[in-house]
file run_28.cif (mmCIF, C-alpha atoms (C1' of nucleotides))
data_target
#
loop_
_atom_site.label_atom_id
_atom_site.label_comp_id
_atom_site.auth_asym_id
_atom_site.auth_seq_id
_atom_site.Cartn_x
_atom_site.Cartn_y
_atom_site.Cartn_z
CA MET A 1 101.10 52.53 102.84
CA HIS A 2 103.48 55.42 103.16
CA ASN A 3 103.15 58.88 101.88
CA TYR A 4 106.02 59.38 99.47
CA GLN A 5 103.80 61.79 97.58
CA ALA A 6 104.61 64.58 100.05
CA LEU A 7 108.30 64.12 99.26
CA PHE A 8 107.74 64.04 95.49
CA ASP A 9 105.59 67.16 95.62
CA TYR A 10 108.19 68.93 97.69
CA VAL A 11 111.12 68.05 95.41
CA GLN A 12 109.17 69.01 92.31
CA LYS A 13 107.95 72.26 93.78
CA LEU A 14 111.33 73.47 94.93
CA SER A 15 113.27 72.30 91.89
CA GLY A 16 110.71 73.25 89.27
CA LYS A 17 111.43 69.89 87.65
CA THR A 18 109.40 66.72 87.21
CA LEU A 19 110.23 63.35 88.73
CA SER A 20 109.78 60.45 86.29
CA ALA A 21 108.26 57.16 87.46
CA ASP A 22 111.79 55.73 87.53
CA ASP A 23 113.06 58.61 89.64
CA GLN A 24 110.20 58.07 92.05
CA GLN A 25 111.07 54.41 92.29
CA VAL A 26 114.64 55.31 93.26
CA PHE A 27 113.28 57.45 96.09
CA ILE A 28 110.99 54.65 97.27
CA THR A 29 113.84 52.16 97.21
CA HIS A 30 116.26 54.22 99.28
CA PHE A 31 114.16 56.39 101.60
CA LYS A 32 112.90 54.26 104.47
CA PRO A 33 109.70 55.14 106.34
CA LYS A 34 110.15 55.49 110.05
CA LYS A 35 107.85 56.39 112.91
CA ILE A 36 109.19 58.36 115.82
CA ARG A 37 106.98 58.78 118.85
CA ARG A 38 106.62 61.93 120.92
CA ARG A 39 109.64 62.35 123.28
CA GLN A 40 111.69 59.89 121.27
CA TYR A 41 115.10 61.06 120.04
CA PHE A 42 116.05 61.18 116.38
CA LEU A 43 119.59 62.22 117.36
CA GLN A 44 121.51 62.31 120.63
CA GLU A 45 124.36 64.66 121.43
CA GLY A 46 127.65 62.84 120.94
CA ASP A 47 126.30 60.47 118.28
CA VAL A 48 126.98 60.81 114.58
CA CYS A 49 123.91 61.90 112.63
CA LYS A 50 123.74 58.93 110.25
CA TYR A 51 120.40 59.81 108.69
CA THR A 52 118.57 62.76 107.34
CA GLY A 53 114.80 62.54 107.44
CA PHE A 54 112.07 64.24 105.46
CA ILE A 55 109.18 65.00 107.79
CA VAL A 56 105.90 63.70 106.39
CA LYS A 57 104.01 64.30 109.62
CA GLY A 58 104.80 65.69 113.05
CA ALA A 59 107.29 68.09 114.53
CA ALA A 60 110.67 68.10 116.29
CA LYS A 61 113.08 70.33 118.15
CA THR A 62 116.85 70.61 117.69
CA PHE A 63 118.49 71.74 120.91
CA THR A 64 121.59 71.84 123.08
CA VAL A 65 121.83 71.49 126.84
CA ASP A 66 124.18 73.90 128.64
CA GLU A 67 126.29 73.32 131.80
CA LYS A 68 123.38 74.43 133.98
CA GLY A 69 121.12 71.87 132.36
CA HIS A 70 119.05 74.37 130.42
CA ASP A 71 117.78 73.60 126.92
CA HIS A 72 118.38 75.97 124.04
CA ILE A 73 116.25 75.34 120.98
CA LEU A 74 118.09 76.04 117.77
CA LYS A 75 115.45 74.84 115.38
CA LEU A 76 111.80 73.85 115.29
CA SER A 77 110.96 71.55 112.39
CA VAL A 78 107.58 70.59 110.94
CA GLU A 79 106.14 68.84 107.87
CA ASN A 80 108.16 69.20 104.67
CA TRP A 81 111.38 70.03 106.48
CA TRP A 82 114.54 68.04 106.59
CA LEU A 83 115.68 66.69 109.92
CA ALA A 84 119.42 66.45 110.63
CA ASP A 85 122.44 68.08 112.15
CA PHE A 86 124.01 68.79 108.80
CA GLU A 87 127.49 69.32 110.18
CA SER A 88 127.48 65.83 111.68
CA PHE A 89 125.66 64.34 108.69
CA TYR A 90 128.10 65.70 106.11
CA LYS A 91 131.31 65.27 108.06
CA LEU A 92 130.38 62.19 110.07
CA THR A 93 131.53 63.90 113.28
CA PRO A 94 129.80 63.55 116.67
CA SER A 95 126.92 66.01 116.96
CA ARG A 96 126.62 68.76 119.53
CA PHE A 97 122.82 68.67 119.19
CA ASN A 98 119.83 66.64 120.23
CA ILE A 99 116.80 66.18 118.01
CA GLU A 100 113.62 65.09 119.77
CA ALA A 101 110.08 64.51 118.50
CA LEU A 102 107.55 67.00 119.87
CA GLU A 103 104.67 65.04 118.35
CA ASP A 104 104.42 61.55 116.90
CA MET A 105 106.26 61.73 113.60
CA GLU A 106 106.40 59.95 110.29
CA ILE A 107 109.61 60.52 108.40
CA LEU A 108 111.38 59.16 105.35
CA GLN A 109 115.00 58.64 106.19
CA ILE A 110 118.20 57.93 104.27
CA THR A 111 121.96 57.85 104.86
CA HIS A 112 124.47 60.27 103.41
CA SER A 113 126.17 57.70 101.18
CA LEU A 114 122.86 56.57 99.64
CA VAL A 115 121.97 60.20 98.90
CA GLU A 116 125.32 60.69 97.20
CA GLU A 117 125.16 57.50 95.20
CA PHE A 118 121.52 57.25 94.14
CA ILE A 119 119.57 60.40 94.91
CA LYS A 120 121.87 63.26 94.01
CA PRO A 121 122.23 62.09 90.41
CA ILE A 122 118.51 62.81 89.97
CA PRO A 123 118.50 66.34 88.49
CA ALA A 124 115.32 67.41 90.27
CA PHE A 125 116.90 66.50 93.59
CA SER A 126 120.16 68.33 93.13
CA ALA A 127 118.26 71.36 91.82
CA MET A 128 116.14 71.19 94.97
CA GLN A 129 119.28 71.07 97.09
CA ASN A 130 120.59 74.22 95.49
CA VAL A 131 117.35 76.11 96.09
CA LEU A 132 117.22 74.80 99.62
CA SER A 133 120.74 75.87 100.49
CA GLN A 134 119.99 79.34 99.15
CA ASN A 135 116.88 79.47 101.31
CA TYR A 136 118.79 78.29 104.34
CA THR A 137 121.49 80.89 103.85
CA ILE A 138 118.95 83.66 103.49
CA ALA A 139 116.90 82.55 106.51
CA ALA A 140 120.01 82.12 108.66
CA GLN A 141 121.14 85.61 107.77
CA LYS A 142 117.78 87.11 108.64
CA ARG A 143 117.61 85.31 111.96
CA MET A 144 121.15 86.36 112.81
CA GLN A 145 120.36 89.96 112.02
CA SER A 146 117.34 89.89 114.34
CA SER A 147 119.43 88.35 117.02
CA ILE A 148 122.16 91.01 117.06
CA SER A 149 119.99 94.05 116.42
CA GLN A 150 116.58 93.49 117.99
CA THR A 151 115.07 93.17 121.46
CA GLY A 152 113.20 90.07 122.59
CA GLU A 153 109.91 91.78 121.94
CA GLU A 154 110.83 92.66 118.36
CA ARG A 155 112.08 89.15 117.69
CA PHE A 156 108.83 87.72 119.01
CA GLN A 157 106.76 90.02 116.79
CA GLU A 158 108.82 88.99 113.79
CA LEU A 159 108.21 85.33 114.58
CA VAL A 160 104.48 85.96 114.88
CA ASN A 161 104.55 87.58 111.43
CA ASP A 162 106.83 85.10 109.69
CA TYR A 163 105.69 81.82 111.23
CA PRO A 164 102.23 82.34 112.78
CA HIS A 165 101.53 78.58 112.79
CA PHE A 166 104.51 78.05 115.11
CA ILE A 167 102.81 80.17 117.75
CA GLN A 168 99.68 78.05 117.47
CA ARG A 169 101.42 74.76 117.40
CA PHE A 170 104.17 74.93 120.01
CA PRO A 171 103.98 75.72 123.71
CA GLN A 172 105.22 79.12 124.73
CA ASN A 173 108.23 77.84 126.65
CA LEU A 174 109.61 76.30 123.44
CA ILE A 175 109.01 79.51 121.51
CA ALA A 176 110.85 81.39 124.27
CA SER A 177 113.82 79.06 124.06
CA TYR A 178 113.90 79.39 120.26
CA LEU A 179 114.01 83.17 120.66
CA GLY A 180 116.79 82.98 123.23
CA LEU A 181 114.53 84.08 126.11
CA THR A 182 113.33 82.50 129.33
CA PRO A 183 109.64 81.48 129.52
CA GLU A 184 109.08 84.12 132.22
CA THR A 185 110.44 86.87 130.01
CA LEU A 186 108.29 85.86 127.04
CA SER A 187 105.23 85.70 129.28
CA ARG A 188 105.88 89.29 130.38
CA ILE A 189 106.60 90.48 126.86
CA ARG A 190 103.25 89.14 125.69
CA LYS A 191 101.45 90.70 128.63
CA ASN A 192 102.96 94.11 127.90
CA SER A 193 102.38 93.98 124.17
CA LEU A 194 98.63 93.44 124.65
CA LYS A 195 98.29 97.10 125.60
CA MET B 1 148.34 92.52 86.27
CA HIS B 2 145.62 91.08 88.41
CA ASN B 3 145.80 88.22 90.78
CA TYR B 4 143.43 85.60 89.46
CA GLN B 5 145.70 82.99 90.98
CA ALA B 6 144.14 83.55 94.41
CA LEU B 7 140.73 82.71 92.93
CA PHE B 8 142.03 79.63 91.09
CA ASP B 9 143.75 78.35 94.21
CA TYR B 10 140.61 78.89 96.24
CA VAL B 11 138.29 77.11 93.80
CA GLN B 12 140.69 74.19 93.45
CA LYS B 13 141.25 73.88 97.17
CA LEU B 14 137.58 73.86 98.11
CA SER B 15 136.41 71.68 95.24
CA GLY B 16 139.32 69.25 95.25
CA LYS B 17 139.30 69.55 91.45
CA THR B 18 141.72 71.05 88.93
CA LEU B 19 140.97 74.00 86.68
CA SER B 20 142.20 73.50 83.11
CA ALA B 21 143.83 76.36 81.20
CA ASP B 22 140.54 76.78 79.33
CA ASP B 23 138.56 76.93 82.57
CA GLN B 24 140.96 79.55 83.87
CA GLN B 25 140.47 81.58 80.72
CA VAL B 26 136.70 81.54 81.26
CA PHE B 27 137.24 82.96 84.74
CA ILE B 28 139.55 85.66 83.39
CA THR B 29 137.05 86.61 80.69
CA HIS B 30 134.07 87.02 83.01
CA PHE B 31 135.42 88.08 86.40
CA LYS B 32 136.33 91.77 86.24
CA PRO B 33 138.99 93.21 88.55
CA LYS B 34 137.79 96.13 90.62
CA LYS B 35 139.40 98.34 93.23
CA ILE B 36 137.29 99.63 96.08
CA ARG B 37 138.82 102.20 98.37
CA ARG B 38 138.41 102.34 102.13
CA ARG B 39 134.98 103.79 103.08
CA GLN B 40 133.64 103.16 99.59
CA TYR B 41 130.43 101.13 99.30
CA PHE B 42 130.20 97.89 97.41
CA LEU B 43 126.44 97.79 98.08
CA GLN B 44 123.93 100.33 99.41
CA GLU B 45 120.74 99.46 101.25
CA GLY B 46 117.83 99.62 98.82
CA ASP B 47 119.92 98.76 95.77
CA VAL B 48 119.95 95.38 94.09
CA CYS B 49 123.20 93.49 94.63
CA LYS B 50 124.14 93.04 90.99
CA TYR B 51 127.60 91.63 91.59
CA THR B 52 129.31 89.14 93.78
CA GLY B 53 133.00 89.75 94.37
CA PHE B 54 135.86 87.49 95.36
CA ILE B 55 138.13 89.37 97.74
CA VAL B 56 141.75 89.22 96.57
CA LYS B 57 142.91 91.83 99.04
CA GLY B 58 141.32 93.93 101.77
CA ALA B 59 138.31 93.66 104.06
CA ALA B 60 134.69 94.79 104.28
CA LYS B 61 131.72 94.93 106.62
CA THR B 62 128.11 94.00 105.88
CA PHE B 63 125.77 95.96 108.12
CA THR B 64 122.30 97.41 108.67
CA VAL B 65 121.38 100.76 110.18
CA ASP B 66 118.48 100.77 112.66
CA GLU B 67 115.88 103.52 113.31
CA LYS B 68 118.16 105.10 115.89
CA GLY B 69 120.97 105.32 113.36
CA HIS B 70 123.08 102.59 114.93
CA ASP B 71 125.08 100.16 112.80
CA HIS B 72 124.79 96.42 113.27
CA ILE B 73 127.52 94.38 111.63
CA LEU B 74 126.27 91.10 110.29
CA LYS B 75 129.45 89.99 108.61
CA LEU B 76 133.14 90.83 108.43
CA SER B 77 134.78 89.66 105.21
CA VAL B 78 138.45 89.28 104.33
CA GLU B 79 140.65 87.77 101.62
CA ASN B 80 139.25 84.65 99.92
CA TRP B 81 135.68 85.39 100.91
CA TRP B 82 132.79 86.18 98.65
CA LEU B 83 131.20 89.58 98.95
CA ALA B 84 127.43 89.91 98.37
CA ASP B 85 124.02 90.01 99.91
CA PHE B 86 123.06 86.64 98.54
CA GLU B 87 119.33 87.15 98.99
CA SER B 88 119.44 90.24 96.80
CA PHE B 89 121.96 88.69 94.42
CA TYR B 90 119.93 85.53 93.79
CA LYS B 91 116.46 87.05 93.78
CA LEU B 92 117.34 90.47 92.35
CA THR B 93 115.41 92.17 95.15
CA PRO B 94 116.48 95.41 96.88
CA SER B 95 118.95 94.68 99.65
CA ARG B 96 118.44 95.46 103.33
CA PHE B 97 122.21 95.64 103.83
CA ASN B 98 125.15 97.88 103.19
CA ILE B 99 128.59 96.58 102.31
CA GLU B 100 131.46 98.97 102.87
CA ALA B 101 135.22 98.58 102.44
CA LEU B 102 137.15 98.73 105.71
CA GLU B 103 140.48 98.76 103.87
CA ASP B 104 141.40 99.38 100.25
CA MET B 105 140.22 96.30 98.40
CA GLU B 106 140.92 94.41 95.24
CA ILE B 107 138.09 92.18 94.15
CA LEU B 108 137.11 90.11 91.13
CA GLN B 109 133.47 90.69 90.41
CA ILE B 110 130.80 89.11 88.26
CA THR B 111 127.04 89.24 87.73
CA HIS B 112 124.59 86.48 88.58
CA SER B 113 123.67 85.76 84.96
CA LEU B 114 127.31 85.40 83.90
CA VAL B 115 127.91 82.98 86.76
CA GLU B 116 124.92 80.90 85.70
CA GLU B 117 125.83 80.91 82.03
CA PHE B 118 129.60 80.53 82.01
CA ILE B 119 131.01 79.75 85.44
CA LYS B 120 128.61 77.25 86.98
CA PRO B 121 129.10 74.77 84.12
CA ILE B 122 132.73 74.42 85.23
CA PRO B 123 132.63 71.34 87.49
CA ALA B 124 135.27 72.62 89.89
CA PHE B 125 133.20 75.75 90.46
CA SER B 126 129.90 74.05 91.17
CA ALA B 127 131.66 71.57 93.44
CA MET B 128 133.14 74.55 95.26
CA GLN B 129 129.69 76.08 95.60
CA ASN B 130 128.37 72.93 97.23
CA VAL B 131 131.20 72.81 99.75
CA LEU B 132 130.79 76.49 100.41
CA SER B 133 127.08 76.30 101.09
CA GLN B 134 127.68 73.43 103.50
CA ASN B 135 130.29 75.53 105.28
CA TYR B 136 127.96 78.51 105.43
CA THR B 137 125.13 76.45 106.85
CA ILE B 138 127.38 74.98 109.52
CA ALA B 139 128.91 78.33 110.47
CA ALA B 140 125.51 80.04 110.58
CA GLN B 141 124.19 77.34 112.87
CA LYS B 142 127.13 77.66 115.21
CA ARG B 143 126.85 81.43 115.39
CA MET B 144 123.11 81.21 116.00
CA GLN B 145 123.64 78.76 118.82
CA SER B 146 126.14 81.08 120.48
CA SER B 147 123.75 83.92 120.09
CA ILE B 148 120.80 82.29 121.84
CA SER B 149 122.70 80.42 124.53
CA GLN B 150 125.80 82.40 125.50
CA THR B 151 126.63 85.67 127.22
CA GLY B 152 128.57 88.44 125.51
CA GLU B 153 131.72 87.37 127.30
CA GLU B 154 131.42 83.78 126.10
CA ARG B 155 130.72 84.88 122.54
CA PHE B 156 133.77 87.10 122.61
CA GLN B 157 135.98 84.27 123.87
CA GLU B 158 134.68 82.03 121.12
CA LEU B 159 135.51 84.66 118.52
CA VAL B 160 139.01 85.00 119.92
CA ASN B 161 139.46 81.23 119.58
CA ASP B 162 137.82 80.78 116.18
CA TYR B 163 139.00 83.92 114.38
CA PRO B 164 142.00 85.35 116.25
CA HIS B 165 143.10 87.38 113.20
CA PHE B 166 139.80 89.29 113.32
CA ILE B 167 140.71 90.61 116.74
CA GLN B 168 144.07 91.81 115.43
CA ARG B 169 142.74 93.28 112.26
CA PHE B 170 139.53 95.09 113.16
CA PRO B 171 138.90 97.84 115.71
CA GLN B 172 137.11 96.80 118.83
CA ASN B 173 133.94 98.75 118.11
CA LEU B 174 133.41 96.70 114.96
CA ILE B 175 134.00 93.47 116.85
CA ALA B 176 131.47 94.64 119.44
CA SER B 177 128.88 95.33 116.79
CA TYR B 178 129.51 91.94 115.19
CA LEU B 179 128.89 90.30 118.56
CA GLY B 180 125.70 92.30 119.15
CA LEU B 181 127.23 94.40 121.93
CA THR B 182 127.97 98.07 122.42
CA PRO B 183 131.64 99.15 122.36
CA GLU B 184 131.38 100.14 126.03
CA THR B 185 130.18 96.70 127.02
CA LEU B 186 132.95 94.94 125.11
CA SER B 187 135.53 97.25 126.66
CA ARG B 188 134.30 96.25 130.12
CA ILE B 189 134.16 92.59 129.26
CA ARG B 190 137.79 92.66 128.18
CA LYS B 191 138.81 94.55 131.29
CA ASN B 192 137.11 92.01 133.56
CA SER B 193 138.43 88.96 131.71
CA LEU B 194 142.04 90.08 132.16
CA LYS B 195 141.81 89.01 135.80
"C1'" DA C 1 88.83 60.54 140.07
"C1'" DA C 2 93.15 61.25 142.03
"C1'" DA C 3 97.80 61.94 141.21
"C1'" DT C 4 101.44 63.58 138.62
"C1'" DA C 5 103.54 66.24 135.45
"C1'" DC C 6 103.57 70.23 132.54
"C1'" DA C 7 102.69 75.02 131.09
"C1'" DC C 8 101.90 79.61 132.30
"C1'" DT C 9 101.82 83.56 135.28
"C1'" DT C 10 103.29 86.83 138.83
"C1'" DG C 11 106.38 88.96 142.26
"C1'" DA C 12 110.89 90.17 144.19
"C1'" DT C 13 115.59 90.52 143.26
"C1'" DA C 14 119.96 90.17 140.67
"C1'" DA C 15 122.77 90.32 136.64
"C1'" DA C 16 123.84 91.65 131.94
"C1'" DG C 17 123.91 95.04 128.88
"C1'" DA C 18 122.56 99.88 126.95
"C1'" DT C 19 122.77 104.72 127.18
"C1'" DC C 20 124.66 109.23 127.97
"C1'" DA C 21 128.47 112.07 129.04
"C1'" DA C 22 133.21 113.06 129.81
"C1'" DT C 23 138.08 112.00 129.10
"C1'" DT C 24 142.04 109.84 127.20
"C1'" DT C 25 144.51 107.61 123.63
"C1'" DA C 26 145.39 106.50 118.74
"C1'" DT C 27 145.11 107.36 113.86
"C1'" DT C 28 144.45 110.00 109.95
"C1'" DT C 29 144.47 114.05 107.38
"C1'" DT C 30 146.01 118.51 106.25
"C1'" DA D 1 153.87 118.89 113.53
"C1'" DA D 2 149.32 120.45 114.24
"C1'" DA D 3 144.63 119.74 113.67
"C1'" DA D 4 140.98 116.82 113.06
"C1'" DT D 5 138.90 112.50 113.38
"C1'" DA D 6 138.17 108.04 115.18
"C1'" DA D 7 138.65 104.55 118.88
"C1'" DA D 8 138.81 103.14 123.59
"C1'" DT D 9 137.96 103.79 128.42
"C1'" DT D 10 135.47 105.02 132.62
"C1'" DG D 11 131.59 106.47 135.59
"C1'" DA D 12 126.70 107.04 136.62
"C1'" DT D 13 122.30 105.57 135.58
"C1'" DC D 14 118.55 103.12 133.17
"C1'" DT D 15 116.52 99.11 130.70
"C1'" DT D 16 116.22 94.51 129.51
"C1'" DT D 17 116.45 90.01 130.73
"C1'" DA D 18 117.56 86.10 134.06
"C1'" DT D 19 116.88 83.83 138.31
"C1'" DC D 20 114.44 82.01 142.15
"C1'" DA D 21 110.22 81.08 144.34
"C1'" DA D 22 105.42 80.52 144.71
"C1'" DG D 23 100.93 79.79 142.91
"C1'" DT D 24 97.35 78.60 139.33
"C1'" DG D 25 95.44 76.26 135.77
"C1'" DT D 26 95.53 72.36 132.41
"C1'" DA D 27 96.69 68.07 130.48
"C1'" DT D 28 98.22 63.29 131.04
"C1'" DT D 29 98.79 59.13 133.52
"C1'" DT D 30 97.65 55.72 136.53
#

call {"tool": "encode", "arguments": {"input": "run_28.cif", "output": "structure tokens"}}
result
Amino acid sequence: MHNYQALFDYVQKLSGKTLSADDQQVFITHFKPKKIRRRQYFLQEGDVCKYTGFIVKGAAKTFTVDEKGHDHILKLSVENWWLADFESFYKLTPSRFNIEALEDMEILQITHSLVEEFIKPIPAFSAMQNVLSQNYTIAAQKRMQSSISQTGEERFQELVNDYPHFIQRFPQNLIASYLGLTPETLSRIRKNSLK
Amino acid sequence: MHNYQALFDYVQKLSGKTLSADDQQVFITHFKPKKIRRRQYFLQEGDVCKYTGFIVKGAAKTFTVDEKGHDHILKLSVENWWLADFESFYKLTPSRFNIEALEDMEILQITHSLVEEFIKPIPAFSAMQNVLSQNYTIAAQKRMQSSISQTGEERFQELVNDYPHFIQRFPQNLIASYLGLTPETLSRIRKNSLK
DNA sequence: AAATACACTTGATAAAGATCAATTTATTTT
DNA sequence: AAAATAAATTGATCTTTATCAAGTGTATTT
């Protein structure tokens, strides 16, 4: 028995619209439950991102690997987030990113063409998409501003304020990578800011 | 005589749809031409961003000022871009940003409620919005990745490749600020990379 | 329980970038 | 054209962050 309710709640909350029983059936028909175990990849660099997944349970990281073999975490995703490299998903081009499960995950996944054909026509869904893309734009802008105008310490403090559960949930080396810092530097920042 | 044609071309190009004569008339009725002179502000920090503007001619910078009085340029905008702090524009909250004309500008501006009531119902426009928000999301992701994983020199090279006209058009101190560097650092980077 | 891997910390050193000050070169403005 | 303003460069120094190496503690595996 899979938890589609989380998805329904999410769509209804963001859109402000109700999903009829028929609408819900369309979701159940086209979104496929999938389990992804810790360390397993949802997407590998070079592959096309065929699916987007709604996270019912678990967490994942989206990251690149540079020439020196170092990871850089672009995104940390948890319950009620959508998993995908949207550039690759929309344009069907090979992705520059990897997406890997940090914990065992349960997702509901679907292809781009099924979204376009069956899901987008549902008004609550397309309304949700609009809200979501606004939210993304706003969040991206805020993060970019921090990145060009703040020190590592300030960015860390902002993360603690904005997403306190991230600090609890993810090891410090992942937080460091997300902030664009090395683990050593974040360790020292935390030590100094305890004063 | 104002150049609405640039706006029509843009909407049609991005949406892949045609604007009827009636549609075009709706645009002309609700988008108001406005001239903004160099150094003039389109938006001041603390104000609500009541308008969004389509840039027909000219260029602008979106920036914040930190406690030390230093500018940080978040965005450089030129012809065929939309001017606004979208967070403030959508939510009607006071903006954290300033938007200032870098050259004399001609824009076509409109309020949020007029967009919602008259412009969004035009299919070509809402299709354009969808394409645009995809493009924004993709560009924001790319810029964020550069920011956390590349040095100033690499980010500069990427800017030269991706937006060569920016380098021509804007003074180097603005480019530096956009990249999150001081003008001195960018000057040295350029000097070293000439070798 | 031992072995292995992972996460975190600390120290020493190096590199990237910021700051402050002075000078030169361009661009506007009058 | 002269004066004023803005932009770019250079040098000296300081701060922030990365790198490399070693050591400690904590989970996972086997």

call {"tool": "closest_residue", "arguments": {"input": "run_28.cif", "among": "D:DA1, D:DA22, D:DA8, D:DC14", "to": "DT10 in chain C", "atoms": "all atoms listed in the file"}}
result
D:DA22

call {"tool": "residues_around", "arguments": {"input": "run_28.cif", "residues": "Ser88 in chain A", "least_positions_apart": "2", "cutoff": "12 Å", "atoms": "all atoms listed in the file", "output": "list in words"}}
result
Leu43, Gln44, Glu45, Gly46, Asp47, Val48, Cys49, Lys50, Tyr51, Thr52, Leu83, Ala84, Asp85, Phe86, Tyr90, Lys91, Leu92, Thr93, Pro94, Ser95, Arg96, Phe97, Asn98, Thr111 and His112 of chain A; Gln134, Asn135, Thr137 and Ile138 of chain B

call {"tool": "atom_distance", "arguments": {"input": "run_28.cif", "atom1": "CA of Gln25 in chain A", "atom2": "CA of Leu7 in chain A"}}
result
12.3 Å

call {"tool": "interface_residues", "arguments": {"input": "run_28.cif", "of": "chain D", "to": "chain A", "cutoff": "10 Å", "atoms": "all atoms listed in the file", "output": "PyMOL selection string"}}
result
chain D and resi 16-19

call {"tool": "closest_residue", "arguments": {"input": "run_28.cif", "among": "A:Met128, A:Ile107, A:Leu114, A:Val65", "to": "chain B", "atoms": "all atoms listed in the file"}}
result
A:Val65

call {"tool": "residues_around", "arguments": {"input": "run_28.cif", "residues": "Asp66 in chain B", "least_positions_apart": "4", "cutoff": "10 Å", "atoms": "only C-alpha atoms (C1' of nucleotides)", "output": "MDAnalysis selection string"}}
result
(chainID A and resid 149:150) or (chainID B and resid 70:72)

call {"tool": "resolve_selection", "arguments": {"input": "run_28.cif", "expression": "the PyMOL selection byres ((chain C) within 9 of (chain B))", "output": "JSON, numbers by chain"}}
result
{"C": [16, 17, 18]}

call {"tool": "decode", "arguments": {"input": "run_28.cif", "residues": "range 12-23 of chain A", "atoms": "N, CA, C and O atoms", "output": "CSV table (one decimal), in the first residue's frame"}}
result
chain,number,residue,atom,x,y,z
A,12,GLN,N,-2.7,19.8,-3.3
A,12,GLN,CA,-3.8,20.6,-2.8
A,12,GLN,C,-3.3,21.8,-2.0
A,12,GLN,O,-3.9,22.9,-2.1
A,13,LYS,N,-2.3,21.6,-1.2
A,13,LYS,CA,-1.9,22.7,-0.3
A,13,LYS,C,-1.2,23.8,-1.2
A,13,LYS,O,-1.5,25.0,-1.0
A,14,LEU,N,-0.4,23.4,-2.1
A,14,LEU,CA,0.3,24.4,-2.9
A,14,LEU,C,-0.6,25.1,-3.9
A,14,LEU,O,-0.5,26.3,-4.1
A,15,SER,N,-1.5,24.4,-4.4
A,15,SER,CA,-2.4,25.0,-5.5
A,15,SER,C,-3.6,25.7,-4.8
A,15,SER,O,-4.2,26.6,-5.5
A,16,GLY,N,-4.0,25.3,-3.6
A,16,GLY,CA,-5.2,25.9,-3.1
A,16,GLY,C,-6.5,25.3,-3.7
A,16,GLY,O,-7.5,25.9,-3.6
A,17,LYS,N,-6.3,24.2,-4.5
A,17,LYS,CA,-7.4,23.6,-5.2
A,17,LYS,C,-7.6,22.2,-4.7
A,17,LYS,O,-6.7,21.5,-4.2
A,18,THR,N,-8.8,21.6,-4.9
A,18,THR,CA,-9.1,20.3,-4.5
A,18,THR,C,-8.9,19.3,-5.6
A,18,THR,O,-9.2,19.6,-6.8
A,19,LEU,N,-8.5,18.1,-5.3
A,19,LEU,CA,-8.4,17.0,-6.3
A,19,LEU,C,-9.6,16.1,-6.2
A,19,LEU,O,-9.9,15.6,-5.1
A,20,SER,N,-10.3,16.0,-7.2
A,20,SER,CA,-11.5,15.1,-7.2
A,20,SER,C,-11.0,13.6,-7.1
A,20,SER,O,-9.8,13.3,-7.3
A,21,ALA,N,-12.0,12.7,-6.9
A,21,ALA,CA,-11.6,11.3,-6.9
A,21,ALA,C,-11.1,10.9,-8.2
A,21,ALA,O,-10.1,10.1,-8.3
A,22,ASP,N,-11.6,11.4,-9.3
A,22,ASP,CA,-11.1,11.1,-10.6
A,22,ASP,C,-9.7,11.6,-10.8
A,22,ASP,O,-8.8,10.8,-11.3
A,23,ASP,N,-9.5,12.8,-10.4
A,23,ASP,CA,-8.1,13.4,-10.5
A,23,ASP,C,-7.1,12.4,-9.8
A,23,ASP,O,-6.0,12.1,-10.3
